[in-house]
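> This is the structure I want to talk about, given as structure tokens.
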Amino acid sequence: EANGEGYFFDRIAWTGGLGLVKDSPLSIVEEYLALALLLHVSVALKRSWDISINYCLNTGRWNMLLSGLTILFFLTVHLADIRFSSQMKYTMLRPPPYFVAWPGVLEGRVFYETDPSIPLQRVRDLYTREVELFKDLGTCALYTACIVVFWFHMLIGWKKLVPADALQIPKDHVKNVTYLGWVAATAIVSMYLSVVWYTYYAPPIKVENVP
């Protein structure tokens with residue numbers, strides 16, 4: 001499934017640069033996420049400099065800045081480990097003709113087909129790369145620590161955001177909306193952590209690699 005998901009983004013790489021750049025290394029989805037991250041980081045750094053720079057660490061005013069820098073470090077490591085890894089292997093897979101394997105959705109099979117009439121395609125072996133990473137306890141510990149920091153960043157960030165006038169949330173609903181956001185953040189983090197630790201404990205599946 002991981003390999004099919006990776007190929008899903010590879011096959012829409014032509015959308016990079018609004019489809020005007022030939023052989024774009026990134027799809028428009030990845031470009032959008034990169035620009036959104038750049039905007040978020042630049043605005044956050046500017047606001048932290050203006051608001052928090054004159055406060056001591058023990059005031060808690062640096063929590064968002066320090067946790068955000070930790071997440072930025074983690075994203076750099078994560079992209080180097082997987083998206084831009086020089087150790088990536090390749091395998092063969094039957095990609096869905098219409099991007100999503102609709103007949104397999106209820107089976108938990110979204111990004112690959114089993115129909116032998118669909119031709120095989122050479123794709124990045126993301127699954128094997130994840131196994132190589134997450135069978136190492138030190139890597140799992142690093143990812144877990146950074147994901148927990150990400151969880152903390154979301155919790156305190158959401159708590160600060162919800163009462164903002166720009167959102168126009170009625171004061172009587174602020175507490176409930178805050179709790180709902182915390183539940184969503186916890187669900188997201190739980191899914192991230194489940195990938196790391198399931199891969200660590202589960203026996204690996206043998207994948208046949210190709211040049």
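Quick note on naming: the chains in the structure tokens go A, B, ... in the order shown, residues restart at 1 in each chain, and ligands are numbered from 1 in order of appearance.
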Find the residues around range 157-168 of chain A up to 7 Å (only C-alpha atoms counted), leave out those fewer than 3 positions away in its own chain, and share them as an mmCIF file with N, CA and C atoms, in the first residue's frame.

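So out.cif came out as:
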data_model
loop_
_atom_site.group_PDB
_atom_site.id
_atom_site.type_symbol
_atom_site.label_atom_id
_atom_site.label_comp_id
_atom_site.auth_asym_id
_atom_site.auth_seq_id
_atom_site.Cartn_x
_atom_site.Cartn_y
_atom_site.Cartn_z
ATOM 1 N N HIS A 153 2.832 20.791 20.045
ATOM 2 C CA HIS A 153 2.753 22.016 19.239
ATOM 3 C C HIS A 153 1.315 22.254 18.768
ATOM 4 N N MET A 154 0.662 21.194 18.328
ATOM 5 C CA MET A 154 -0.723 21.333 17.875
ATOM 6 C C MET A 154 -1.660 21.673 19.029
ATOM 7 N N VAL A 174 -16.041 27.983 22.819
ATOM 8 C CA VAL A 174 -14.571 27.939 22.725
ATOM 9 C C VAL A 174 -14.013 26.685 23.384
ATOM 10 N N THR A 178 -12.073 23.709 21.427
ATOM 11 C CA THR A 178 -10.700 23.387 21.832
ATOM 12 C C THR A 178 -10.540 21.893 22.067
ATOM 13 N N GLY A 181 -10.554 19.942 18.802
ATOM 14 C CA GLY A 181 -9.258 20.054 18.131
ATOM 15 C C GLY A 181 -8.210 19.166 18.761
#
> For range 94-105 of chain A, work out the shell of residues within 7 Å, counting only C-alpha atoms and skipping chain neighbours fewer than 6 positions away, then give it as an mmCIF file with C-alpha atoms, in the first residue's frame.

data_model
loop_
_atom_site.group_PDB
_atom_site.id
_atom_site.type_symbol
_atom_site.label_atom_id
_atom_site.label_comp_id
_atom_site.auth_asym_id
_atom_site.auth_seq_id
_atom_site.Cartn_x
_atom_site.Cartn_y
_atom_site.Cartn_z
ATOM 1 C CA GLY A 4 1.148 2.437 -4.337
ATOM 2 C CA PHE A 8 0.213 8.017 -6.778
ATOM 3 C CA PHE A 111 -3.422 2.394 -4.278
ATOM 4 C CA TYR A 112 -2.724 -0.909 -6.054
ATOM 5 C CA GLU A 113 -4.629 -3.505 -8.078
ATOM 6 C CA THR A 114 -4.488 -7.291 -8.135
ATOM 7 C CA ILE A 118 -3.267 -4.405 -15.510
ATOM 8 C CA PRO A 119 0.395 -4.002 -16.559
ATOM 9 C CA LEU A 120 3.123 -3.858 -13.926
ATOM 10 C CA GLN A 121 4.877 -0.551 -13.300
#
> DSSP on the backbone: which residues in range 65-142 of chain A end up as strand (DSSP E)? Give the answer as a ChimeraX atom specification.
/A:90-93,121-124
> CA of Val196 in chain A to CA of Gly6 in chain A: how many Å, to one decimal?
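Taking CA of Val196 in chain A as the start and CA of Gly6 in chain A as the end point, the length is 17.2 Å.
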> Which distance in Å separates CA of Thr128 in chain A and CA of Phe150 in chain A, to one decimal?
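Between CA of Thr128 in chain A and CA of Phe150 in chain A the gap is 25.4 Å.
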> Could you tell me which of A:Thr15, A:Ser42, A:Asn3, A:Ser48 comes closest to Asp125 in chain A if we count only C-alpha atoms?
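Checking each candidate against Asp125 in chain A, we get A:Asn3 as the closest.
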> Tell me which of A:Ser52, A:Ser190, A:Thr76, A:Ser117 sits closest to Leu37 in chain A, counting only C-alpha atoms.
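Of all the options, A:Thr76 lies closest to Leu37 in chain A.
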> Between A:Arg61, A:His173, A:Arg124, A:Arg129, which has the minimum distance to Asp10 in chain A (counting only C-alpha atoms)?
A:Arg124
> Kindly give the distance, in Å, that separates CA of Asn209 in chain A and CA of Tyr90 in chain A, rounded to a single decimal.
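Distance reported for this atom pair: 5.5 Å.
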